[in-house]
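Note sheet for the following structure.
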Amino acid sequence: MPELPEVETVRLELEPILVNQKILSASLVDAIPAKKYQDLELAIGQTIKSVNRRGKFLILELSNNLELIIHLGMTGVIAFKEFEKHVRVKLELENNSLYFQDVRRFGRFLVVKAKDYKSMPTLHKMGPEPFSKQFTNKQFFTALQKSNTALKTYLLSQKPVAGLGNIYVDEALWQVKINPQTKAKDISLAKVKRLRKAIIEILQASIEAQGTTLNDYRTVSGEVGEYANQLNVYGHTGEPCPRCKTEIERIILGGRSTHFCPKCQNIN
DNA sequence: CGCATTTCCTGGTAGC
DNA sequence: TGCTACCAGGAAATGC
């Protein structure tokens with residue numbers, strides 16, 4: 001499930017291939033629901049000026065003050081070769097063709113006016129990038145103070161910081177020994193500082209491993225991400241905690257699988 | 001408005 | 001072999 005490290009891995013591969021290439025055509029194949037594939041015809045004839053990322057969204061800057069927004073959802077994969085099944089978009093470029101595959105249709109591929117994200121509430125209200133100077137201890141603490149929700153659930157909202165999904169939230173909270181059910185506003189400043197640091201370090205380490213492949217995620221060149229080998233709690237239900245050997249528990253929080261060590265991450 | 005819950009979607013798999 | 005039931009989760013939609 002692509003989160004920030006997986007999307008950044010894809011971005012790093014796309015950037016040198018796409019920048020300064022013109023989009024010659026855009027075709028949709030079984031691209032349903034239509035709402036997730038809007039206005040691609042506006043990209044035809046435009047040149048890709050830059051390949052950026054905001055949280056889990058890829059944002060391709062086009063020459064006519066438009067942006068091509070791509071979200072991989074759960075099963076989105078981008079490549080420069082044909083897929084056998086589940087292709088939704090083909091972009092013909094000058095030097096090659098980009099294909100977007102999405103088995104479960106959670107992904108999006110659409111053109112919007114630059115910086116106009118009103119129709120995309122998550123992107124519109126997204127917190128700072130974790131590697132930016134805007135992501136500070138003060139900002140993070142202030143953001144968390146605003147929410148009465150379980151910390152894990154609030155982190156998944158993308159509001160306090162961008163890019164975290166189910167895997168990296170569980171990993172970061174285990175790293176700093178915070179119970180995922182703790183209310184966001186109850187986290188002390190000292191713990192917020194450690195959590196901020198852990199988030200940055202874990203995301204960085206995963207980018208270096210080209211992300212986490214559990215099932216569908218692939219890099220643009222078709223490789224798997226190797227960070228799955230470094231996960232401590234996600235998907236490790238019933239296995240011993242790498243720190244204290246207590247069995248890792250799995251609960252449902254905000255409708256999502258949540259993995260944690262009941263001893264290390266005891267409610268305080 | 002905040003927060004909780006439900007919905008979308010399909011392949012893989014467990015159980016029979 | 002084939003059927004049903006269930007699970008995975010990011011973001012949007014809906015409900016309260």
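Ligands are numbered from 1 in the order shown, residues from 1 within each chain, and chains are lettered A, B, ... in the order they appear in the structure tokens.
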Inset, instruction - Please provide as an MDAnalysis selection string all residues within 12 Å of Thr153 of chain A, with the sequence filter that same-chain residues fewer than 6 positions apart are discarded (counting only C-alpha atoms (C1' of nucleotides)). - result: (chainID A and resid 144 147 159:160 164:166 169:170 173 179:184 252:258) or (chainID B and resid 3:4)
Inset, instruction - Mind listing the helix (DSSP H, G or I) residues of segment 83-168 of chain A, per DSSP on the backbone, as a PyMOL selection string? - result: chain A and resi 121-124+137-145+151-156+166-168
Legend entry - Distance criterion (only C-alpha atoms (C1' of nucleotides)): nearest to chain C out of A:Ile199, A:Ile69, A:Val89, A:Met74: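 Closest to chain C of all the choices is A:Met74.
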Interface rows for chain C against chain A: nearest pair, Å to one decimal, 8 Å, only C-alpha atoms (C1' of nucleotides), as a Markdown table:
```
| residue | atom | partner | partner_atom | distance |
| --- | --- | --- | --- | --- |
| C:DG9 | C1' | A:Met74 | CA | 6.9 |
| C:DG10 | C1' | A:Gly73 | CA | 5.9 |
| C:DA11 | C1' | A:Thr122 | CA | 7.1 |
```
Inset, instruction - Give the answer as one residue: which of A:Thr75, A:Asn229, A:Gln204, A:Ser221 has the shortest atom-to-atom distance to DA8 of chain C, using only C-alpha atoms (C1' of nucleotides)? - result: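 Counting only C-alpha atoms (C1' of nucleotides), the residue closest to DA8 of chain C is A:Thr75.
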Legend entry - Nearby residues (only C-alpha atoms (C1' of nucleotides)) at most 9 Å from Glu223 of chain A, same-chain spacing under 5 positions excluded, as number ranges by chain: A: 210, 217-218
Write the selection just made, keeping N, CA and C atoms, as an mmCIF file, in the first residue's frame?
```
data_model
loop_
_atom_site.group_PDB
_atom_site.id
_atom_site.type_symbol
_atom_site.label_atom_id
_atom_site.label_comp_id
_atom_site.auth_asym_id
_atom_site.auth_seq_id
_atom_site.Cartn_x
_atom_site.Cartn_y
_atom_site.Cartn_z
ATOM 1 N N GLN A 210 13.742 1.510 -1.014
ATOM 2 C CA GLN A 210 12.759 1.590 -2.102
ATOM 3 C C GLN A 210 11.353 1.197 -1.662
ATOM 4 N N TYR A 217 2.623 -3.337 -4.527
ATOM 5 C CA TYR A 217 3.528 -2.220 -4.841
ATOM 6 C C TYR A 217 4.785 -2.665 -5.587
ATOM 7 N N ARG A 218 5.083 -1.920 -6.674
ATOM 8 C CA ARG A 218 6.321 -2.119 -7.425
ATOM 9 C C ARG A 218 6.911 -0.762 -7.765
#
```
Legend entry - Residue hits in chain B, query chain A, radius 9 Å, only C-alpha atoms (C1' of nucleotides), as a PyMOL selection string: chain B and resi 2-5+8-11
Now that the selection is made, can you save its residues with N, CA and C atoms (P, O5', C5', C4', C3', O3' and C1' of nucleotides) as a tab-separated table (two decimals), in the first residue's frame?
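File result12.tsv, as written:
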```tsv
chain	number	residue	atom	x	y	z
B	2	DG	P	-12.98	21.31	12.83
B	2	DG	O5'	-13.51	20.23	13.86
B	2	DG	C5'	-13.64	20.55	15.25
B	2	DG	C4'	-14.05	19.30	15.99
B	2	DG	C3'	-13.15	18.10	15.74
B	2	DG	O3'	-12.99	17.40	16.95
B	2	DG	C1'	-15.34	17.59	15.01
B	3	DC	P	-11.76	16.38	17.10
B	3	DC	O5'	-12.49	14.99	16.85
B	3	DC	C5'	-13.56	14.62	17.73
B	3	DC	C4'	-14.41	13.56	17.06
B	3	DC	C3'	-13.64	12.33	16.57
B	3	DC	O3'	-14.02	11.25	17.39
B	3	DC	C1'	-15.33	13.01	15.05
B	4	DA	P	-13.41	9.80	17.16
B	4	DA	O5'	-14.64	9.09	16.44
B	4	DA	C5'	-15.93	9.16	17.04
B	4	DA	C4'	-16.91	8.32	16.25
B	4	DA	C3'	-16.38	6.95	15.84
B	4	DA	O3'	-17.42	6.00	16.03
B	4	DA	C1'	-16.99	8.20	13.90
B	5	DT	P	-17.20	4.47	15.68
B	5	DT	O5'	-17.86	4.38	14.22
B	5	DT	C5'	-19.20	4.83	14.06
B	5	DT	C4'	-19.58	4.73	12.59
B	5	DT	C3'	-19.26	3.38	11.95
B	5	DT	O3'	-20.47	2.86	11.44
B	5	DT	C1'	-18.53	5.19	10.58
B	8	DC	P	-20.79	1.29	-2.00
B	8	DC	O5'	-19.43	1.50	-2.81
B	8	DC	C5'	-19.13	2.79	-3.35
B	8	DC	C4'	-17.66	2.86	-3.67
B	8	DC	C3'	-17.17	1.69	-4.52
B	8	DC	O3'	-16.76	2.18	-5.78
B	8	DC	C1'	-15.66	2.22	-2.75
B	9	DC	P	-17.16	1.30	-7.06
B	9	DC	O5'	-16.09	0.12	-7.03
B	9	DC	C5'	-14.76	0.39	-7.46
B	9	DC	C4'	-13.84	-0.70	-6.98
B	9	DC	C3'	-14.28	-2.12	-7.32
B	9	DC	O3'	-13.77	-2.45	-8.60
B	9	DC	C1'	-13.15	-1.93	-5.20
B	10	DT	P	-14.17	-3.80	-9.32
B	10	DT	O5'	-13.05	-4.80	-8.81
B	10	DT	C5'	-11.70	-4.55	-9.15
B	10	DT	C4'	-10.84	-5.60	-8.48
B	10	DT	C3'	-11.22	-7.04	-8.84
B	10	DT	O3'	-10.01	-7.74	-9.03
B	10	DT	C1'	-11.16	-6.78	-6.51
B	11	DG	P	-9.96	-9.08	-9.92
B	11	DG	O5'	-8.73	-9.78	-9.21
B	11	DG	C5'	-7.54	-9.03	-8.99
B	11	DG	C4'	-6.79	-9.62	-7.82
B	11	DG	C3'	-6.57	-11.12	-7.90
B	11	DG	O3'	-5.27	-11.39	-7.43
B	11	DG	C1'	-7.80	-10.59	-5.94
```
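Each of A:Ala205, A:Gly235, A:Gln139, A:Glu61 was checked against Val192 of chain A using only C-alpha atoms; the smallest atom-to-atom distance is that of A:Gln139.
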Legend entry - segment 99-216 of chain A: residues DSSP assigns to strand (DSSP E), reported as a list in words: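 Output for segment 99-216 of chain A, strand (DSSP E) only: Tyr99, Phe100, Gln101, Asp102, Arg108, Phe109, Leu110, Val111, Val112 and Lys113 of chain A.
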Inset, instruction - Please provide as number ranges by chain all residues within 12 Å of Asp116 of chain A, with the sequence filter that same-chain residues fewer than 6 positions apart are discarded (counting only C-alpha atoms (C1' of nucleotides)). - result: A: 59, 65-69, 123-125
Inset, instruction - Considering only C-alpha atoms (C1' of nucleotides), return as a PyMOL selection string whatever protein or nucleic-acid residues lie within 12 Å of Glu208 of chain A, sequence-local ones (same chain, fewer than 4 positions apart) excluded. - result: chain A and resi 5-6+8-9+12+201-204+212+225-227+230
Go ahead and save the picked residues with N, CA, C and O atoms, as a PDB file, in the first residue's frame.
```
ATOM      1  N   PRO A   5       7.080   6.752   1.372  1.00  0.00           N
ATOM      2  CA  PRO A   5       8.332   6.208   0.820  1.00  0.00           C
ATOM      3  C   PRO A   5       8.146   5.535  -0.541  1.00  0.00           C
ATOM      4  O   PRO A   5       9.026   5.624  -1.408  1.00  0.00           O
ATOM      5  N   GLU A   6       7.020   4.880  -0.723  1.00  0.00           N
ATOM      6  CA  GLU A   6       6.765   4.215  -1.997  1.00  0.00           C
ATOM      7  C   GLU A   6       6.516   5.253  -3.095  1.00  0.00           C
ATOM      8  O   GLU A   6       7.035   5.130  -4.214  1.00  0.00           O
ATOM      9  N   GLU A   8       7.541   8.349  -3.086  1.00  0.00           N
ATOM     10  CA  GLU A   8       8.793   9.067  -3.335  1.00  0.00           C
ATOM     11  C   GLU A   8       9.740   8.228  -4.201  1.00  0.00           C
ATOM     12  O   GLU A   8      10.427   8.762  -5.077  1.00  0.00           O
ATOM     13  N   THR A   9       9.755   6.932  -3.972  1.00  0.00           N
ATOM     14  CA  THR A   9      10.574   6.042  -4.815  1.00  0.00           C
ATOM     15  C   THR A   9      10.146   6.144  -6.276  1.00  0.00           C
ATOM     16  O   THR A   9      10.977   6.265  -7.187  1.00  0.00           O
ATOM     17  N   LEU A  12      11.164   9.592  -7.714  1.00  0.00           N
ATOM     18  CA  LEU A  12      12.587   9.679  -8.045  1.00  0.00           C
ATOM     19  C   LEU A  12      12.891   9.000  -9.377  1.00  0.00           C
ATOM     20  O   LEU A  12      13.752   9.454 -10.138  1.00  0.00           O
ATOM     21  N   GLU A 201      13.072   9.475  10.465  1.00  0.00           N
ATOM     22  CA  GLU A 201      14.080   8.428  10.286  1.00  0.00           C
ATOM     23  C   GLU A 201      13.509   7.185   9.602  1.00  0.00           C
ATOM     24  O   GLU A 201      14.153   6.585   8.733  1.00  0.00           O
ATOM     25  N   ILE A 202      12.305   6.798   9.997  1.00  0.00           N
ATOM     26  CA  ILE A 202      11.704   5.598   9.416  1.00  0.00           C
ATOM     27  C   ILE A 202      11.362   5.813   7.942  1.00  0.00           C
ATOM     28  O   ILE A 202      11.641   4.960   7.090  1.00  0.00           O
ATOM     29  N   LEU A 203      10.783   6.963   7.639  1.00  0.00           N
ATOM     30  CA  LEU A 203      10.451   7.241   6.235  1.00  0.00           C
ATOM     31  C   LEU A 203      11.709   7.281   5.379  1.00  0.00           C
ATOM     32  O   LEU A 203      11.747   6.750   4.264  1.00  0.00           O
ATOM     33  N   GLN A 204      12.759   7.904   5.922  1.00  0.00           N
ATOM     34  CA  GLN A 204      14.020   7.989   5.184  1.00  0.00           C
ATOM     35  C   GLN A 204      14.612   6.600   4.942  1.00  0.00           C
ATOM     36  O   GLN A 204      15.057   6.273   3.840  1.00  0.00           O
ATOM     37  N   THR A 212       8.153  -0.438   0.883  1.00  0.00           N
ATOM     38  CA  THR A 212       7.713  -1.725   1.414  1.00  0.00           C
ATOM     39  C   THR A 212       6.798  -2.412   0.420  1.00  0.00           C
ATOM     40  O   THR A 212       5.748  -1.872   0.068  1.00  0.00           O
ATOM     41  N   GLY A 225       9.987  -3.298  -3.105  1.00  0.00           N
ATOM     42  CA  GLY A 225      10.657  -2.526  -2.066  1.00  0.00           C
ATOM     43  C   GLY A 225      11.052  -3.456  -0.939  1.00  0.00           C
ATOM     44  O   GLY A 225      10.318  -4.377  -0.590  1.00  0.00           O
ATOM     45  N   GLU A 226      12.222  -3.219  -0.371  1.00  0.00           N
ATOM     46  CA  GLU A 226      12.789  -4.176   0.588  1.00  0.00           C
ATOM     47  C   GLU A 226      12.553  -3.813   2.054  1.00  0.00           C
ATOM     48  O   GLU A 226      13.029  -4.517   2.946  1.00  0.00           O
ATOM     49  N   TYR A 227      11.834  -2.714   2.298  1.00  0.00           N
ATOM     50  CA  TYR A 227      11.692  -2.311   3.707  1.00  0.00           C
ATOM     51  C   TYR A 227      10.829  -3.287   4.515  1.00  0.00           C
ATOM     52  O   TYR A 227      10.869  -3.270   5.747  1.00  0.00           O
ATOM     53  N   GLN A 230      12.435  -4.866   7.325  1.00  0.00           N
ATOM     54  CA  GLN A 230      12.802  -4.076   8.503  1.00  0.00           C
ATOM     55  C   GLN A 230      11.613  -3.718   9.375  1.00  0.00           C
ATOM     56  O   GLN A 230      11.753  -2.992  10.354  1.00  0.00           O
TER      57      GLN A 230
END
```
Inset, instruction - Fewer than 5 positions away in the same chain doesn't count, so skip those; otherwise give me all residues within 8 Å of Lys49 of chain A, counting only C-alpha atoms (C1' of nucleotides), as a ChimeraX atom specification. - result: /A:19-20,60-63
Inset, instruction - Give the answer as one residue: which of A:Ser188, A:Ser206, A:Asn266, A:Gln175 has the shortest atom-to-atom distance to Pro242 of chain A, using only C-alpha atoms? - result: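 Looking at the shortest contact to Pro242 of chain A, the residue is A:Gln175.
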